[in-house]
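**Q** Got a structure for you, query25.cif, holding mmCIF, N, CA and C atoms.
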data_model
loop_
_atom_site.label_atom_id
_atom_site.label_comp_id
_atom_site.auth_asym_id
_atom_site.auth_seq_id
_atom_site.Cartn_x
_atom_site.Cartn_y
_atom_site.Cartn_z
N MET A 1186 -62.18 92.46 -4.82
CA MET A 1186 -63.52 92.05 -5.16
C MET A 1186 -64.21 91.54 -3.90
N VAL A 1187 -65.47 91.93 -3.73
CA VAL A 1187 -66.29 91.46 -2.63
C VAL A 1187 -67.05 90.22 -3.10
N VAL A 1188 -66.91 89.13 -2.38
CA VAL A 1188 -67.59 87.87 -2.73
C VAL A 1188 -68.57 87.54 -1.62
N LEU A 1189 -69.84 87.41 -2.01
CA LEU A 1189 -70.90 87.08 -1.06
C LEU A 1189 -71.36 85.66 -1.36
N GLU A 1190 -70.98 84.73 -0.52
CA GLU A 1190 -71.28 83.32 -0.78
C GLU A 1190 -72.62 82.92 -0.19
N ASP A 1191 -73.21 81.91 -0.78
CA ASP A 1191 -74.41 81.25 -0.26
C ASP A 1191 -75.53 82.24 0.06
N ILE A 1192 -75.85 83.09 -0.91
CA ILE A 1192 -76.90 84.09 -0.72
C ILE A 1192 -78.26 83.42 -0.61
N LEU A 1193 -78.50 82.43 -1.48
CA LEU A 1193 -79.76 81.71 -1.38
C LEU A 1193 -79.63 80.33 -2.00
N ARG A 1194 -80.59 79.49 -1.63
CA ARG A 1194 -80.67 78.13 -2.15
C ARG A 1194 -82.11 77.87 -2.56
N ASP A 1195 -82.26 77.15 -3.67
CA ASP A 1195 -83.60 76.80 -4.15
C ASP A 1195 -83.52 75.49 -4.92
N ARG A 1196 -84.23 74.49 -4.45
CA ARG A 1196 -84.33 73.20 -5.11
C ARG A 1196 -82.97 72.64 -5.54
N GLY A 1197 -82.02 72.78 -4.65
CA GLY A 1197 -80.69 72.22 -4.89
C GLY A 1197 -79.70 73.19 -5.50
N SER A 1198 -80.17 74.24 -6.18
CA SER A 1198 -79.27 75.25 -6.74
C SER A 1198 -78.82 76.19 -5.63
N ARG A 1199 -77.58 76.64 -5.74
CA ARG A 1199 -77.02 77.60 -4.79
C ARG A 1199 -76.53 78.81 -5.56
N TYR A 1200 -76.62 79.97 -4.94
CA TYR A 1200 -76.26 81.23 -5.59
C TYR A 1200 -75.28 82.03 -4.74
N ALA A 1201 -74.40 82.76 -5.43
CA ALA A 1201 -73.47 83.69 -4.80
C ALA A 1201 -73.39 84.92 -5.71
N ALA A 1202 -72.86 86.01 -5.17
CA ALA A 1202 -72.66 87.22 -5.97
C ALA A 1202 -71.29 87.80 -5.64
N SER A 1203 -70.69 88.41 -6.64
CA SER A 1203 -69.40 89.07 -6.47
C SER A 1203 -69.48 90.43 -7.15
N VAL A 1204 -68.76 91.39 -6.60
CA VAL A 1204 -68.75 92.73 -7.18
C VAL A 1204 -67.38 93.35 -6.96
N GLY A 1205 -66.91 94.07 -7.98
CA GLY A 1205 -65.62 94.72 -7.86
C GLY A 1205 -65.39 95.70 -8.99
N PRO A 1206 -64.40 96.58 -8.83
CA PRO A 1206 -64.12 97.58 -9.85
C PRO A 1206 -63.44 96.98 -11.08
N VAL A 1207 -63.81 97.48 -12.25
CA VAL A 1207 -63.17 97.13 -13.52
C VAL A 1207 -63.13 98.39 -14.37
N ALA A 1208 -62.15 98.49 -15.25
CA ALA A 1208 -62.03 99.68 -16.10
C ALA A 1208 -62.24 99.37 -17.57
N ASN A 1209 -62.10 98.10 -17.95
CA ASN A 1209 -62.19 97.74 -19.36
C ASN A 1209 -62.49 96.25 -19.50
N ARG A 1210 -62.56 95.78 -20.75
CA ARG A 1210 -62.88 94.37 -20.99
C ARG A 1210 -61.80 93.45 -20.39
N ALA A 1211 -60.56 93.87 -20.44
CA ALA A 1211 -59.48 93.07 -19.85
C ALA A 1211 -59.69 92.93 -18.34
N GLY A 1212 -60.18 93.99 -17.70
CA GLY A 1212 -60.47 93.92 -16.27
C GLY A 1212 -61.61 92.97 -15.96
N ILE A 1213 -62.60 92.93 -16.85
CA ILE A 1213 -63.71 92.00 -16.69
C ILE A 1213 -63.20 90.56 -16.78
N ASP A 1214 -62.41 90.29 -17.81
CA ASP A 1214 -61.85 88.95 -17.99
C ASP A 1214 -60.99 88.55 -16.79
N ALA A 1215 -60.22 89.51 -16.27
CA ALA A 1215 -59.36 89.23 -15.11
C ALA A 1215 -60.21 88.93 -13.87
N ALA A 1216 -61.30 89.68 -13.67
CA ALA A 1216 -62.17 89.44 -12.51
C ALA A 1216 -62.81 88.06 -12.58
N LEU A 1217 -63.27 87.68 -13.77
CA LEU A 1217 -63.86 86.35 -13.94
C LEU A 1217 -62.82 85.26 -13.71
N ALA A 1218 -61.63 85.45 -14.24
CA ALA A 1218 -60.56 84.46 -14.06
C ALA A 1218 -60.16 84.34 -12.60
N GLU A 1219 -60.09 85.47 -11.91
CA GLU A 1219 -59.74 85.46 -10.48
C GLU A 1219 -60.78 84.70 -9.66
N LEU A 1220 -62.06 84.92 -9.98
CA LEU A 1220 -63.13 84.22 -9.28
C LEU A 1220 -63.05 82.72 -9.53
N ARG A 1221 -62.78 82.34 -10.77
CA ARG A 1221 -62.71 80.92 -11.12
C ARG A 1221 -61.48 80.22 -10.53
N LYS A 1222 -60.52 80.98 -10.03
CA LYS A 1222 -59.36 80.37 -9.36
C LYS A 1222 -59.75 79.77 -8.02
N ARG A 1223 -60.82 80.26 -7.44
CA ARG A 1223 -61.30 79.70 -6.17
C ARG A 1223 -61.90 78.33 -6.47
N ARG A 1224 -61.47 77.35 -5.75
CA ARG A 1224 -61.90 75.97 -6.01
C ARG A 1224 -63.42 75.83 -6.08
N LYS A 1225 -64.09 76.40 -5.10
CA LYS A 1225 -65.55 76.30 -5.06
C LYS A 1225 -66.17 76.93 -6.31
N PHE A 1226 -65.69 78.08 -6.71
CA PHE A 1226 -66.27 78.79 -7.84
C PHE A 1226 -65.86 78.16 -9.17
N ALA A 1227 -64.75 77.48 -9.20
CA ALA A 1227 -64.34 76.79 -10.43
C ALA A 1227 -65.33 75.69 -10.79
N ARG A 1228 -66.02 75.14 -9.80
CA ARG A 1228 -66.99 74.06 -10.03
C ARG A 1228 -68.40 74.56 -10.31
N ALA A 1229 -68.60 75.87 -10.31
CA ALA A 1229 -69.93 76.44 -10.53
C ALA A 1229 -70.39 76.19 -11.97
N THR A 1230 -71.69 76.15 -12.14
CA THR A 1230 -72.29 75.91 -13.45
C THR A 1230 -72.32 77.18 -14.30
N HIS A 1231 -72.66 78.31 -13.69
CA HIS A 1231 -72.79 79.57 -14.42
C HIS A 1231 -72.17 80.72 -13.65
N HIS A 1232 -71.54 81.62 -14.40
CA HIS A 1232 -71.05 82.90 -13.87
C HIS A 1232 -71.62 83.99 -14.78
N SER A 1233 -72.84 84.41 -14.51
CA SER A 1233 -73.48 85.47 -15.29
C SER A 1233 -72.98 86.81 -14.77
N TRP A 1234 -72.78 87.77 -15.67
CA TRP A 1234 -72.18 89.03 -15.24
C TRP A 1234 -72.64 90.19 -16.11
N ALA A 1235 -72.39 91.40 -15.60
CA ALA A 1235 -72.63 92.63 -16.36
C ALA A 1235 -71.77 93.74 -15.78
N ALA A 1236 -71.48 94.71 -16.63
CA ALA A 1236 -70.73 95.91 -16.23
C ALA A 1236 -71.11 97.04 -17.17
N VAL A 1237 -71.09 98.26 -16.64
CA VAL A 1237 -71.26 99.46 -17.46
C VAL A 1237 -69.95 100.22 -17.35
N LEU A 1238 -69.22 100.24 -18.46
CA LEU A 1238 -67.90 100.88 -18.47
C LEU A 1238 -68.00 102.30 -19.02
N ARG A 1239 -67.33 103.21 -18.36
CA ARG A 1239 -67.32 104.60 -18.79
C ARG A 1239 -66.80 104.70 -20.23
N ASP A 1240 -65.78 103.92 -20.55
CA ASP A 1240 -65.17 103.98 -21.88
C ASP A 1240 -65.47 102.75 -22.73
N GLY A 1241 -66.50 102.00 -22.40
CA GLY A 1241 -66.81 100.81 -23.18
C GLY A 1241 -68.28 100.48 -23.25
N GLY A 1242 -69.07 101.26 -22.52
CA GLY A 1242 -70.51 101.04 -22.54
C GLY A 1242 -70.93 99.82 -21.77
N PRO A 1243 -72.18 99.39 -21.98
CA PRO A 1243 -72.70 98.23 -21.26
C PRO A 1243 -72.21 96.92 -21.87
N LEU A 1244 -71.79 96.01 -21.02
CA LEU A 1244 -71.35 94.68 -21.44
C LEU A 1244 -72.00 93.66 -20.52
N LYS A 1245 -72.28 92.47 -21.06
CA LYS A 1245 -72.89 91.42 -20.24
C LYS A 1245 -72.53 90.06 -20.79
N GLY A 1246 -72.66 89.06 -19.92
CA GLY A 1246 -72.43 87.68 -20.31
C GLY A 1246 -73.34 86.76 -19.52
N ASP A 1247 -73.99 85.83 -20.22
CA ASP A 1247 -74.94 84.93 -19.56
C ASP A 1247 -74.29 83.63 -19.08
N ASP A 1248 -73.21 83.21 -19.70
CA ASP A 1248 -72.53 81.96 -19.37
C ASP A 1248 -73.51 80.79 -19.28
N GLY A 1249 -74.41 80.72 -20.27
CA GLY A 1249 -75.34 79.61 -20.34
C GLY A 1249 -76.63 79.80 -19.56
N GLU A 1250 -76.75 80.88 -18.82
CA GLU A 1250 -77.96 81.19 -18.03
C GLU A 1250 -78.70 82.29 -18.78
N ALA A 1251 -79.39 81.91 -19.86
CA ALA A 1251 -79.99 82.86 -20.81
C ALA A 1251 -80.78 83.96 -20.13
N GLY A 1252 -80.43 85.20 -20.44
CA GLY A 1252 -81.15 86.36 -19.93
C GLY A 1252 -80.63 86.91 -18.62
N ALA A 1253 -79.79 86.18 -17.93
CA ALA A 1253 -79.32 86.62 -16.61
C ALA A 1253 -78.46 87.88 -16.71
N GLY A 1254 -77.59 87.95 -17.70
CA GLY A 1254 -76.74 89.12 -17.86
C GLY A 1254 -77.54 90.39 -18.08
N ALA A 1255 -78.64 90.28 -18.83
CA ALA A 1255 -79.49 91.44 -19.08
C ALA A 1255 -80.16 91.93 -17.80
N VAL A 1256 -80.55 91.01 -16.93
CA VAL A 1256 -81.17 91.38 -15.66
C VAL A 1256 -80.16 92.13 -14.80
N ILE A 1257 -78.94 91.63 -14.72
CA ILE A 1257 -77.89 92.28 -13.93
C ILE A 1257 -77.60 93.67 -14.51
N LEU A 1258 -77.47 93.74 -15.83
CA LEU A 1258 -77.16 95.01 -16.50
C LEU A 1258 -78.23 96.06 -16.22
N LYS A 1259 -79.48 95.68 -16.30
CA LYS A 1259 -80.57 96.63 -16.04
C LYS A 1259 -80.47 97.18 -14.63
N MET A 1260 -80.14 96.33 -13.67
CA MET A 1260 -80.02 96.79 -12.28
C MET A 1260 -78.82 97.71 -12.09
N LEU A 1261 -77.71 97.42 -12.78
CA LEU A 1261 -76.54 98.29 -12.70
C LEU A 1261 -76.85 99.66 -13.28
N GLU A 1262 -77.56 99.68 -14.41
CA GLU A 1262 -77.91 100.95 -15.04
C GLU A 1262 -78.85 101.75 -14.13
N ARG A 1263 -79.80 101.07 -13.52
CA ARG A 1263 -80.75 101.75 -12.61
C ARG A 1263 -80.00 102.33 -11.41
N ALA A 1264 -78.99 101.62 -10.91
CA ALA A 1264 -78.22 102.08 -9.75
C ALA A 1264 -77.15 103.10 -10.15
N GLU A 1265 -77.00 103.31 -11.47
CA GLU A 1265 -75.98 104.22 -12.01
C GLU A 1265 -74.59 103.85 -11.54
N LEU A 1266 -74.33 102.55 -11.49
CA LEU A 1266 -73.02 102.05 -11.07
C LEU A 1266 -72.16 101.80 -12.30
N MET A 1267 -71.08 102.55 -12.40
CA MET A 1267 -70.19 102.42 -13.55
C MET A 1267 -68.84 101.85 -13.10
N ASP A 1268 -68.18 101.21 -14.05
CA ASP A 1268 -66.84 100.68 -13.85
C ASP A 1268 -66.75 99.67 -12.71
N HIS A 1269 -67.82 98.90 -12.56
CA HIS A 1269 -67.86 97.77 -11.63
C HIS A 1269 -68.50 96.58 -12.33
N ILE A 1270 -68.05 95.40 -11.99
CA ILE A 1270 -68.67 94.18 -12.49
C ILE A 1270 -69.45 93.53 -11.36
N VAL A 1271 -70.62 93.01 -11.70
CA VAL A 1271 -71.38 92.18 -10.78
C VAL A 1271 -71.48 90.81 -11.43
N ILE A 1272 -71.09 89.79 -10.68
CA ILE A 1272 -71.12 88.41 -11.16
C ILE A 1272 -72.06 87.63 -10.26
N VAL A 1273 -73.04 86.97 -10.87
CA VAL A 1273 -73.94 86.09 -10.12
C VAL A 1273 -73.56 84.66 -10.49
N THR A 1274 -73.17 83.90 -9.49
CA THR A 1274 -72.71 82.52 -9.69
C THR A 1274 -73.80 81.56 -9.26
N ARG A 1275 -74.02 80.53 -10.09
CA ARG A 1275 -75.01 79.50 -9.75
C ARG A 1275 -74.38 78.12 -9.86
N TRP A 1276 -74.62 77.34 -8.83
CA TRP A 1276 -74.30 75.92 -8.85
C TRP A 1276 -75.63 75.21 -9.10
N TYR A 1277 -75.79 74.61 -10.25
CA TYR A 1277 -77.05 73.98 -10.64
C TYR A 1277 -77.32 72.77 -9.77
N GLY A 1278 -78.55 72.68 -9.27
CA GLY A 1278 -78.90 71.61 -8.34
C GLY A 1278 -79.67 70.45 -8.94
N GLY A 1279 -79.85 70.46 -10.27
CA GLY A 1279 -80.51 69.33 -10.91
C GLY A 1279 -81.98 69.53 -11.21
N VAL A 1280 -82.55 70.66 -10.76
CA VAL A 1280 -83.96 70.93 -11.00
C VAL A 1280 -84.06 72.27 -11.73
N HIS A 1281 -84.78 72.29 -12.86
CA HIS A 1281 -84.99 73.54 -13.58
C HIS A 1281 -85.86 74.47 -12.75
N LEU A 1282 -85.44 75.73 -12.63
CA LEU A 1282 -86.14 76.69 -11.79
C LEU A 1282 -87.12 77.56 -12.57
N GLY A 1283 -87.09 77.47 -13.88
CA GLY A 1283 -87.98 78.29 -14.69
C GLY A 1283 -87.73 79.77 -14.44
N GLY A 1284 -88.80 80.54 -14.38
CA GLY A 1284 -88.69 81.98 -14.18
C GLY A 1284 -88.17 82.39 -12.81
N ASP A 1285 -88.21 81.47 -11.86
CA ASP A 1285 -87.70 81.79 -10.52
C ASP A 1285 -86.22 82.16 -10.55
N ARG A 1286 -85.51 81.64 -11.53
CA ARG A 1286 -84.06 81.93 -11.59
C ARG A 1286 -83.80 83.42 -11.79
N PHE A 1287 -84.72 84.13 -12.48
CA PHE A 1287 -84.54 85.57 -12.65
C PHE A 1287 -84.73 86.31 -11.33
N ALA A 1288 -85.68 85.87 -10.53
CA ALA A 1288 -85.85 86.47 -9.21
C ALA A 1288 -84.60 86.24 -8.36
N HIS A 1289 -83.97 85.10 -8.51
CA HIS A 1289 -82.76 84.81 -7.75
C HIS A 1289 -81.59 85.67 -8.22
N VAL A 1290 -81.51 85.92 -9.53
CA VAL A 1290 -80.47 86.81 -10.05
C VAL A 1290 -80.68 88.22 -9.50
N VAL A 1291 -81.92 88.66 -9.42
CA VAL A 1291 -82.23 89.98 -8.86
C VAL A 1291 -81.81 90.03 -7.39
N THR A 1292 -82.14 89.02 -6.62
CA THR A 1292 -81.78 88.97 -5.20
C THR A 1292 -80.27 89.04 -5.02
N CYS A 1293 -79.53 88.29 -5.82
CA CYS A 1293 -78.07 88.27 -5.71
C CYS A 1293 -77.46 89.60 -6.14
N THR A 1294 -77.99 90.18 -7.22
CA THR A 1294 -77.48 91.47 -7.68
C THR A 1294 -77.75 92.54 -6.64
N ARG A 1295 -78.93 92.50 -6.05
CA ARG A 1295 -79.27 93.47 -5.00
C ARG A 1295 -78.31 93.34 -3.82
N ALA A 1296 -77.96 92.11 -3.44
CA ALA A 1296 -77.01 91.89 -2.34
C ALA A 1296 -75.64 92.49 -2.69
N ALA A 1297 -75.22 92.32 -3.95
CA ALA A 1297 -73.94 92.88 -4.37
C ALA A 1297 -73.97 94.41 -4.33
N LEU A 1298 -75.06 95.00 -4.81
CA LEU A 1298 -75.19 96.46 -4.79
C LEU A 1298 -75.26 96.97 -3.35
N ASP A 1299 -75.95 96.24 -2.49
CA ASP A 1299 -76.01 96.63 -1.07
C ASP A 1299 -74.62 96.61 -0.44
N ALA A 1300 -73.80 95.64 -0.84
CA ALA A 1300 -72.44 95.55 -0.30
C ALA A 1300 -71.61 96.79 -0.65
N LEU A 1301 -71.97 97.44 -1.75
CA LEU A 1301 -71.28 98.67 -2.16
C LEU A 1301 -71.99 99.94 -1.66
N GLY A 1302 -73.11 99.75 -1.01
CA GLY A 1302 -73.90 100.89 -0.57
C GLY A 1302 -74.68 101.53 -1.71
N LYS A 1303 -74.93 100.77 -2.79
CA LYS A 1303 -75.66 101.29 -3.95
C LYS A 1303 -77.03 100.65 -4.11
N GLY A 1304 -77.47 99.92 -3.09
CA GLY A 1304 -78.75 99.20 -3.20
C GLY A 1304 -79.94 100.13 -3.14
N ARG A 1305 -81.02 99.63 -3.68
CA ARG A 1305 -82.34 100.27 -3.70
C ARG A 1305 -82.27 101.64 -4.22
#
As a first step, turn the structure in this file into structure tokens.

**A**
Amino acid sequence: MVVLEDILRDRGSRYAASVGPVANRAGIDAALAELRKRRKFARATHHSWAAVLRDGGPLKGDDGEAGAGAVILKMLERAELMDHIVIVTRWYGGVHLGGDRFAHVVTCTRAALDALGKGR
């Protein structure tokens, strides 16, 4: 899994993105568990994610960041990236970001897709 740390900061919140291959729901759970084993990531507030599986269709999880999984999923579908998970991690900084948080999810997802050569 490729982990891109400290992609952006806004009003105390910090963001990272991770991307890696998965084949099924068990692979998604394993990728999330592996990421959470890292001390820094274990303390994160949210791990929003999405994947489009060849044999399982589109899957997403917001982890308390309502709507974030759908944003990631839409970008994965547009990039036609299958059998990979993109995880956007947020460390909440104490200030609500409102709609700006969706722009940050897009920025992080784009960075993850760029890391795979699937950006834009």

**Q** Padding 5 Å on every side, please: axis-aligned box over the listed atoms of region 1220-1232 of chain A, centre and edge lengths to one decimal in Å, as lines of an AutoDock Vina configuration file.

**A**
center_x = -66.1
center_y = 79.5
center_z = -9.9
size_x = 23.4
size_y = 20.9
size_z = 19.7

**Q** Nearest to Ala1264 (chain A): which of A:Lys1222, A:Arg1210, A:His1281, A:Arg1295 is it, counting only C-alpha atoms?

**A**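 Selected residue with least distance to Ala1264 (chain A): A:Arg1295.
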
**Q** Go through A:Val1204, A:Leu1193, A:Phe1226, A:Asp1240 one by one, measure the shortest atom-to-atom distance of each to Ala1297 (chain A) using only C-alpha atoms, and give the residue with the smallest value.

**A**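 Closest residue, counting only C-alpha atoms: A:Val1204.
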
**Q** Name the residues of chain A that fall into alpha helix (DSSP H) according to DSSP on the backbone, using the chain letters and numbers of this document, as a VMD selection string.

**A** chain A and resid 1210 to 1221 1224 to 1227 1253 to 1264 1285 to 1300

**Q** Among chain A, which ones does DSSP place in strand (DSSP E or B), written as a CSV table (one decimal) with N, CA and C atoms, in the frame of the given file?

**A**
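Just written: out.csv:
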chain,number,residue,atom,x,y,z
A,1187,VAL,N,-65.5,91.9,-3.7
A,1187,VAL,CA,-66.3,91.5,-2.6
A,1187,VAL,C,-67.0,90.2,-3.1
A,1188,VAL,N,-66.9,89.1,-2.4
A,1188,VAL,CA,-67.6,87.9,-2.7
A,1188,VAL,C,-68.6,87.5,-1.6
A,1189,LEU,N,-69.8,87.4,-2.0
A,1189,LEU,CA,-70.9,87.1,-1.1
A,1189,LEU,C,-71.4,85.7,-1.4
A,1190,GLU,N,-71.0,84.7,-0.5
A,1190,GLU,CA,-71.3,83.3,-0.8
A,1190,GLU,C,-72.6,82.9,-0.2
A,1191,ASP,N,-73.2,81.9,-0.8
A,1191,ASP,CA,-74.4,81.2,-0.3
A,1191,ASP,C,-75.5,82.2,0.1
A,1192,ILE,N,-75.8,83.1,-0.9
A,1192,ILE,CA,-76.9,84.1,-0.7
A,1192,ILE,C,-78.3,83.4,-0.6
A,1193,LEU,N,-78.5,82.4,-1.5
A,1193,LEU,CA,-79.8,81.7,-1.4
A,1193,LEU,C,-79.6,80.3,-2.0
A,1194,ARG,N,-80.6,79.5,-1.6
A,1194,ARG,CA,-80.7,78.1,-2.2
A,1194,ARG,C,-82.1,77.9,-2.6
A,1195,ASP,N,-82.3,77.2,-3.7
A,1195,ASP,CA,-83.6,76.8,-4.2
A,1195,ASP,C,-83.5,75.5,-4.9
A,1198,SER,N,-80.2,74.2,-6.2
A,1198,SER,CA,-79.3,75.2,-6.7
A,1198,SER,C,-78.8,76.2,-5.6
A,1199,ARG,N,-77.6,76.6,-5.7
A,1199,ARG,CA,-77.0,77.6,-4.8
A,1199,ARG,C,-76.5,78.8,-5.6
A,1200,TYR,N,-76.6,80.0,-4.9
A,1200,TYR,CA,-76.3,81.2,-5.6
A,1200,TYR,C,-75.3,82.0,-4.7
A,1201,ALA,N,-74.4,82.8,-5.4
A,1201,ALA,CA,-73.5,83.7,-4.8
A,1201,ALA,C,-73.4,84.9,-5.7
A,1202,ALA,N,-72.9,86.0,-5.2
A,1202,ALA,CA,-72.7,87.2,-6.0
A,1202,ALA,C,-71.3,87.8,-5.6
A,1203,SER,N,-70.7,88.4,-6.6
A,1203,SER,CA,-69.4,89.1,-6.5
A,1203,SER,C,-69.5,90.4,-7.2
A,1204,VAL,N,-68.8,91.4,-6.6
A,1204,VAL,CA,-68.8,92.7,-7.2
A,1204,VAL,C,-67.4,93.4,-7.0
A,1205,GLY,N,-66.9,94.1,-8.0
A,1205,GLY,CA,-65.6,94.7,-7.9
A,1205,GLY,C,-65.4,95.7,-9.0
A,1206,PRO,N,-64.4,96.6,-8.8
A,1206,PRO,CA,-64.1,97.6,-9.8
A,1206,PRO,C,-63.4,97.0,-11.1
A,1231,HIS,N,-72.7,78.3,-13.7
A,1231,HIS,CA,-72.8,79.6,-14.4
A,1231,HIS,C,-72.2,80.7,-13.6
A,1232,HIS,N,-71.5,81.6,-14.4
A,1232,HIS,CA,-71.0,82.9,-13.9
A,1232,HIS,C,-71.6,84.0,-14.8
A,1233,SER,N,-72.8,84.4,-14.5
A,1233,SER,CA,-73.5,85.5,-15.3
A,1233,SER,C,-73.0,86.8,-14.8
A,1234,TRP,N,-72.8,87.8,-15.7
A,1234,TRP,CA,-72.2,89.0,-15.2
A,1234,TRP,C,-72.6,90.2,-16.1
A,1235,ALA,N,-72.4,91.4,-15.6
A,1235,ALA,CA,-72.6,92.6,-16.4
A,1235,ALA,C,-71.8,93.7,-15.8
A,1236,ALA,N,-71.5,94.7,-16.6
A,1236,ALA,CA,-70.7,95.9,-16.2
A,1236,ALA,C,-71.1,97.0,-17.2
A,1237,VAL,N,-71.1,98.3,-16.6
A,1237,VAL,CA,-71.3,99.5,-17.5
A,1237,VAL,C,-70.0,100.2,-17.4
A,1238,LEU,N,-69.2,100.2,-18.5
A,1238,LEU,CA,-67.9,100.9,-18.5
A,1238,LEU,C,-68.0,102.3,-19.0
A,1242,GLY,N,-69.1,101.3,-22.5
A,1242,GLY,CA,-70.5,101.0,-22.5
A,1242,GLY,C,-70.9,99.8,-21.8
A,1243,PRO,N,-72.2,99.4,-22.0
A,1243,PRO,CA,-72.7,98.2,-21.3
A,1243,PRO,C,-72.2,96.9,-21.9
A,1244,LEU,N,-71.8,96.0,-21.0
A,1244,LEU,CA,-71.4,94.7,-21.4
A,1244,LEU,C,-72.0,93.7,-20.5
A,1245,LYS,N,-72.3,92.5,-21.1
A,1245,LYS,CA,-72.9,91.4,-20.2
A,1245,LYS,C,-72.5,90.1,-20.8
A,1246,GLY,N,-72.7,89.1,-19.9
A,1246,GLY,CA,-72.4,87.7,-20.3
A,1246,GLY,C,-73.3,86.8,-19.5
A,1269,HIS,N,-67.8,98.9,-12.6
A,1269,HIS,CA,-67.9,97.8,-11.6
A,1269,HIS,C,-68.5,96.6,-12.3
A,1270,ILE,N,-68.0,95.4,-12.0
A,1270,ILE,CA,-68.7,94.2,-12.5
A,1270,ILE,C,-69.4,93.5,-11.4
A,1271,VAL,N,-70.6,93.0,-11.7
A,1271,VAL,CA,-71.4,92.2,-10.8
A,1271,VAL,C,-71.5,90.8,-11.4
A,1272,ILE,N,-71.1,89.8,-10.7
A,1272,ILE,CA,-71.1,88.4,-11.2
A,1272,ILE,C,-72.1,87.6,-10.3
A,1273,VAL,N,-73.0,87.0,-10.9
A,1273,VAL,CA,-73.9,86.1,-10.1
A,1273,VAL,C,-73.6,84.7,-10.5
A,1274,THR,N,-73.2,83.9,-9.5
A,1274,THR,CA,-72.7,82.5,-9.7
A,1274,THR,C,-73.8,81.6,-9.3
A,1275,ARG,N,-74.0,80.5,-10.1
A,1275,ARG,CA,-75.0,79.5,-9.8
A,1275,ARG,C,-74.4,78.1,-9.9
A,1276,TRP,N,-74.6,77.3,-8.8
A,1276,TRP,CA,-74.3,75.9,-8.8
A,1276,TRP,C,-75.6,75.2,-9.1

**Q** Taking into account only C-alpha atoms, which residue in the set A:Arg1239, A:Lys1245, A:His1289, A:Arg1199 is nearest to Met1267 (chain A)?

**A**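 For Met1267 (chain A), the nearest of the candidates is A:Arg1239.
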
**Q** Can you tell me which residues surround Ala1201 (chain A) at a distance of at most 10 Å, considering only C-alpha atoms, apart from same-chain residues fewer than 2 positions away, and format the answer as a PyMOL selection string?

**A** chain A and resi 1188-1194+1199+1203+1226+1229+1232+1272-1276+1289-1290+1292-1294+1296-1297

**Q** Go through A:Gly1284, A:Met1260, A:Tyr1277, A:Leu1298 and flag the residue nearest Arg1228 (chain A), using all atoms listed in the file for the distances.

**A**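 Of all the options, A:Tyr1277 lies closest to Arg1228 (chain A).
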
**Q** Just the number, please: distance in Å from atom N of Leu1220 (chain A) to CA of Gly1197 (chain A), one decimal.

**A**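 Taking atom N of Leu1220 (chain A) as the start and CA of Gly1197 (chain A) as the end point, the length is 23.1 Å.
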
**Q** Considering all atoms listed in the file, can you say which of A:Arg1224, A:Ala1216, A:Thr1230, A:Ser1198 comes closest to Glu1250 (chain A)?

**A**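 Closest to Glu1250 (chain A) of all the choices is A:Thr1230.
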